[in-house]
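For reference, the structure is listed below as structure tokens.
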Amino acid sequence: MSAPSRPLAFLVDLDGTLVDTAGDFVAVLALTLADLGLPAVSRAWVLQAVGRGSEQLIRAALREVGGDAALYEPAWARYQAHYLRINGQASEIFPGTREGLDLLKSQGLPMACLTNKPARFARDLLAAKGLAGYFDRVFGGDDFERKKPDPLPLLKTCEALGVAPPSAWMIGDSSNDAQAAHAAGCPVVLLRHGYNHGEPIDAVPALAHLDRLDQIRRLLAP
Ligand SMILES: O=C(O)COP(=O)(O)O
Ligand SMILES: [Mg+2]
């Protein structure tokens, strides 16, 4: 891939990119399904299902355990109540994340967190993990009409930061992020430690594939 143009902003995904939130999803889904008298989904199932937003995750979990699709509304209500209560408790910041965010911040450019997670959950999680201060804006999956992999959230975030998409680097962990970035015209950098629907992320074209966010150092101007 050709050398990246100098970035003028960073759009950073949350789940699987900054924070390993799989444990929160596993715990909240288990509590939600138990409330409805249904069995839990496995961690392995969660790892390949996460990334398309909460609504899709709940619908897929109901299908997975043989629950009636009509249970979606009560499931969503229970899911929100549990998520708000335990958000972050079974999640860890990935190694190299804080150092990586410090490096990005040192570039003096606008930064947005752009996730498919509902905005309220995203804000609470960033605050709980001490990461909120890095971001000028935080946008969640319920802030726009469509979610990643649609380019709309990236285009709207670029507009909010006042930068053109080709100068806004999307940093993510899944083909959702990459597809959205490609369609929006944003360069993309991918982390290997996230959740790419069970597929290896190296197969997805990007400026770079990193094991840890602080490895982004080699892509930035000294
Ligand atoms: O589906 C989710 O909630 C996770 O989304 P994210 O990877 O865009 O943060
Ligand atoms: Mg992600």
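Identifiers in this document derive from the order of the structure tokens: chains are assigned A, B, ..., residues are numbered from 1 separately in each chain, and ligands are numbered from 1 in order of occurrence.
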
Residues up to 7 Å from ligand 1, counting only C-alpha atoms and all ligand atoms: could you list those as number ranges by chain?
A: 13-16, 50-54, 114-118, 173

Now that the selection is made, can you save its residues with N, CA and C atoms as a PDB file, in the first residue's frame?
ATOM      1  N   ASP A  13     -11.990   3.717  16.885  1.00  0.00           N
ATOM      2  CA  ASP A  13     -13.024   2.775  17.317  1.00  0.00           C
ATOM      3  C   ASP A  13     -12.796   2.441  18.799  1.00  0.00           C
ATOM      4  N   LEU A  14     -13.773   1.830  19.437  1.00  0.00           N
ATOM      5  CA  LEU A  14     -13.655   1.552  20.877  1.00  0.00           C
ATOM      6  C   LEU A  14     -13.507   0.055  21.188  1.00  0.00           C
ATOM      7  N   ASP A  15     -14.574  -0.726  20.979  1.00  0.00           N
ATOM      8  CA  ASP A  15     -14.525  -2.155  21.335  1.00  0.00           C
ATOM      9  C   ASP A  15     -13.534  -2.902  20.452  1.00  0.00           C
ATOM     10  N   GLY A  16     -12.601  -3.588  21.066  1.00  0.00           N
ATOM     11  CA  GLY A  16     -11.627  -4.374  20.314  1.00  0.00           C
ATOM     12  C   GLY A  16     -10.446  -3.568  19.828  1.00  0.00           C
ATOM     13  N   VAL A  50     -19.792  -9.823  17.951  1.00  0.00           N
ATOM     14  CA  VAL A  50     -19.758  -8.423  18.374  1.00  0.00           C
ATOM     15  C   VAL A  50     -19.279  -7.505  17.236  1.00  0.00           C
ATOM     16  N   GLY A  51     -19.691  -6.243  17.285  1.00  0.00           N
ATOM     17  CA  GLY A  51     -19.159  -5.260  16.335  1.00  0.00           C
ATOM     18  C   GLY A  51     -20.197  -4.569  15.475  1.00  0.00           C
ATOM     19  N   ARG A  52     -21.425  -5.066  15.475  1.00  0.00           N
ATOM     20  CA  ARG A  52     -22.448  -4.457  14.609  1.00  0.00           C
ATOM     21  C   ARG A  52     -23.470  -3.659  15.411  1.00  0.00           C
ATOM     22  N   GLY A  53     -23.157  -3.386  16.678  1.00  0.00           N
ATOM     23  CA  GLY A  53     -24.068  -2.626  17.527  1.00  0.00           C
ATOM     24  C   GLY A  53     -24.905  -3.547  18.402  1.00  0.00           C
ATOM     25  N   SER A  54     -25.479  -2.969  19.459  1.00  0.00           N
ATOM     26  CA  SER A  54     -26.193  -3.761  20.467  1.00  0.00           C
ATOM     27  C   SER A  54     -27.446  -4.443  19.927  1.00  0.00           C
ATOM     28  N   LEU A 114     -15.241   6.829  17.652  1.00  0.00           N
ATOM     29  CA  LEU A 114     -16.376   6.514  16.784  1.00  0.00           C
ATOM     30  C   LEU A 114     -16.639   5.011  16.843  1.00  0.00           C
ATOM     31  N   THR A 115     -17.716   4.668  17.532  1.00  0.00           N
ATOM     32  CA  THR A 115     -18.019   3.264  17.825  1.00  0.00           C
ATOM     33  C   THR A 115     -19.445   2.925  17.423  1.00  0.00           C
ATOM     34  N   ASN A 116     -19.717   1.650  17.221  1.00  0.00           N
ATOM     35  CA  ASN A 116     -21.095   1.196  17.010  1.00  0.00           C
ATOM     36  C   ASN A 116     -21.822   0.980  18.336  1.00  0.00           C
ATOM     37  N   LYS A 117     -21.064   1.053  19.433  1.00  0.00           N
ATOM     38  CA  LYS A 117     -21.656   0.919  20.773  1.00  0.00           C
ATOM     39  C   LYS A 117     -22.583   2.112  21.019  1.00  0.00           C
ATOM     40  N   PRO A 118     -23.712   1.925  21.712  1.00  0.00           N
ATOM     41  CA  PRO A 118     -24.540   3.102  22.021  1.00  0.00           C
ATOM     42  C   PRO A 118     -23.702   4.195  22.709  1.00  0.00           C
ATOM     43  N   ASP A 173     -10.579  -2.214  14.448  1.00  0.00           N
ATOM     44  CA  ASP A 173     -10.171  -3.610  14.632  1.00  0.00           C
ATOM     45  C   ASP A 173     -10.956  -4.573  13.760  1.00  0.00           C
TER      46      ASP A 173
END

Find the residues near A:Ala119: any atom within 8 Å, counting only C-alpha atoms, skip ones fewer than 4 places away on the same chain, and give them as a PyMOL selection string.
chain A and resi 115+123+138-143

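Take the candidates A:Arg59, A:Arg78, A:His182, A:Arg6 and check each one against A:Asp35 using only C-alpha atoms; the shortest distance goes to A:Arg78.
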
Nearest residue to ligand 2 out of A:Ala81, A:Met170, A:Ala221, A:Leu207, using only C-alpha atoms and all ligand atoms?
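Ranked by minimum distance to ligand 2, first place goes to A:Met170.
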
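Shortest atom-to-atom contact with ligand 2 among A:Arg137, A:His197, A:Arg212, A:Arg43: A:His197, counting only C-alpha atoms and all ligand atoms.
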
All residues 7 Å or closer to stretch 144-157 of chain A, only C-alpha atoms, same chain fewer than 2 positions away omitted, as an NGL selection string
:A and (116 or 141-142 or 159-161 or 165 or 176-177 or 179-181 or 183-184)

Produce a file of the selected residues containing C-alpha atoms, as a PDB file, in the first residue's frame.
ATOM      1  CA  ASN A 116     -21.095   1.196  17.010  1.00  0.00           C
ATOM      2  CA  GLY A 141     -24.021   3.693  17.042  1.00  0.00           C
ATOM      3  CA  ASP A 142     -27.225   5.545  17.955  1.00  0.00           C
ATOM      4  CA  GLU A 159     -17.703  17.063   9.287  1.00  0.00           C
ATOM      5  CA  ALA A 160     -17.906  17.538  13.070  1.00  0.00           C
ATOM      6  CA  LEU A 161     -14.091  17.715  13.310  1.00  0.00           C
ATOM      7  CA  PRO A 165     -12.094  12.287   4.887  1.00  0.00           C
ATOM      8  CA  ASN A 176     -16.625  -2.987   9.570  1.00  0.00           C
ATOM      9  CA  ASP A 177     -14.197  -0.175  10.291  1.00  0.00           C
ATOM     10  CA  GLN A 179     -15.261  -1.057   4.833  1.00  0.00           C
ATOM     11  CA  ALA A 180     -16.707   2.140   6.272  1.00  0.00           C
ATOM     12  CA  ALA A 181     -13.332   3.884   5.944  1.00  0.00           C
ATOM     13  CA  ALA A 183     -16.339   3.900   1.377  1.00  0.00           C
ATOM     14  CA  ALA A 184     -15.822   7.255   3.129  1.00  0.00           C
TER      15      ALA A 184
END

Enumerate as an NGL selection string all residues of stretch 9-164 of chain A assigned to alpha helix (DSSP H) by DSSP on the backbone, naming them with the chain letters and numbers the document uses.
:A and (22-35 or 43-49 or 54-64 or 72-86 or 97-105 or 119-128 or 152-161)

When you count only C-alpha atoms and all ligand atoms, which of these residues is closest to ligand 2: A:Glu92, A:Glu199, A:Asp214, A:Asp20?
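For ligand 2, the nearest of the given residues is A:Asp20.
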
Env of A:Asn196: 8 Å cut, atoms = only C-alpha atoms, seq-sep filter 4 positions within chain, self excluded. Answer as a PyMOL selection string.
chain A and resi 48+51+173-175+200-201

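Distances here use only C-alpha atoms and all ligand atoms; by that measure, the residue among A:Val19, A:Ala128, A:Ala164, A:Ala208 closest to ligand 2 is A:Val19.
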
Spatial neighbours of A:Ser5, max dist 9 Å, only C-alpha atoms, sep filter under 3 positions, as number ranges by chain:
A: 166-167, 187

Identify, on the basis of only C-alpha atoms, every residue whose closest approach to A:Ala61 does not exceed 12 Å; exclude the query and any residue fewer than 2 positions from it along the same chain; express the result as JSON, numbers by chain.
{"A": [25, 26, 28, 29, 30, 32, 33, 38, 39, 40, 41, 42, 43, 45, 46, 47, 48, 49, 50, 54, 55, 56, 57, 58, 59, 63, 64, 65, 66, 67, 68, 69, 71, 72, 75, 76, 79]}

Could you tell me which of A:Arg98, A:Arg85, A:Lys105, A:His193 comes closest to A:Asp124 if we count only C-alpha atoms?
A:Arg85

Using only C-alpha atoms, which residues sit within 8 Å of A:Gly88 once same-chain residues fewer than 5 positions away are excluded, as a PDB file with N, CA and C atoms, in the first residue's frame?
ATOM      1  N   THR A  21     -13.563  -5.513  25.515  1.00  0.00           N
ATOM      2  CA  THR A  21     -14.870  -5.470  26.182  1.00  0.00           C
ATOM      3  C   THR A  21     -15.629  -6.792  26.081  1.00  0.00           C
ATOM      4  N   ASP A  24     -17.499  -7.885  29.177  1.00  0.00           N
ATOM      5  CA  ASP A  24     -18.746  -7.156  29.466  1.00  0.00           C
ATOM      6  C   ASP A  24     -19.904  -7.720  28.635  1.00  0.00           C
ATOM      7  N   LEU A 125     -17.913   4.100  29.477  1.00  0.00           N
ATOM      8  CA  LEU A 125     -16.744   3.205  29.455  1.00  0.00           C
ATOM      9  C   LEU A 125     -15.445   4.010  29.348  1.00  0.00           C
ATOM     10  N   ALA A 128     -14.824   5.496  32.685  1.00  0.00           N
ATOM     11  CA  ALA A 128     -14.438   4.480  33.681  1.00  0.00           C
ATOM     12  C   ALA A 128     -12.993   4.048  33.493  1.00  0.00           C
ATOM     13  N   LYS A 129     -12.512   4.063  32.253  1.00  0.00           N
ATOM     14  CA  LYS A 129     -11.147   3.603  31.972  1.00  0.00           C
ATOM     15  C   LYS A 129     -10.153   4.765  31.896  1.00  0.00           C
TER      16      LYS A 129
END

Can you pull out every residue from stretch 3-54 of chain A that DSSP, working from the backbone, puts in strand (DSSP E), and format the result as JSON, numbers by chain?
{"A": [9, 10, 11, 12, 19, 20]}

For the residues selected in the previous step, produce a file with C-alpha atoms as a PDB file, in the first residue's frame.
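Saved as part31.pdb:
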ATOM      1  CA  ALA A   9      -7.514  13.986  12.507  1.00  0.00           C
ATOM      2  CA  PHE A  10      -7.952  10.568  14.094  1.00  0.00           C
ATOM      3  CA  LEU A  11     -11.212   8.607  14.332  1.00  0.00           C
ATOM      4  CA  VAL A  12     -10.762   5.795  16.821  1.00  0.00           C
ATOM      5  CA  VAL A  19     -10.676  -1.776  25.258  1.00  0.00           C
ATOM      6  CA  ASP A  20     -11.150  -5.550  25.396  1.00  0.00           C
TER       7      ASP A  20
END

Just the number, please: distance in Å from atom CA of A:Asn87 to atom CA of A:Ala122, one decimal.
9.1 Å
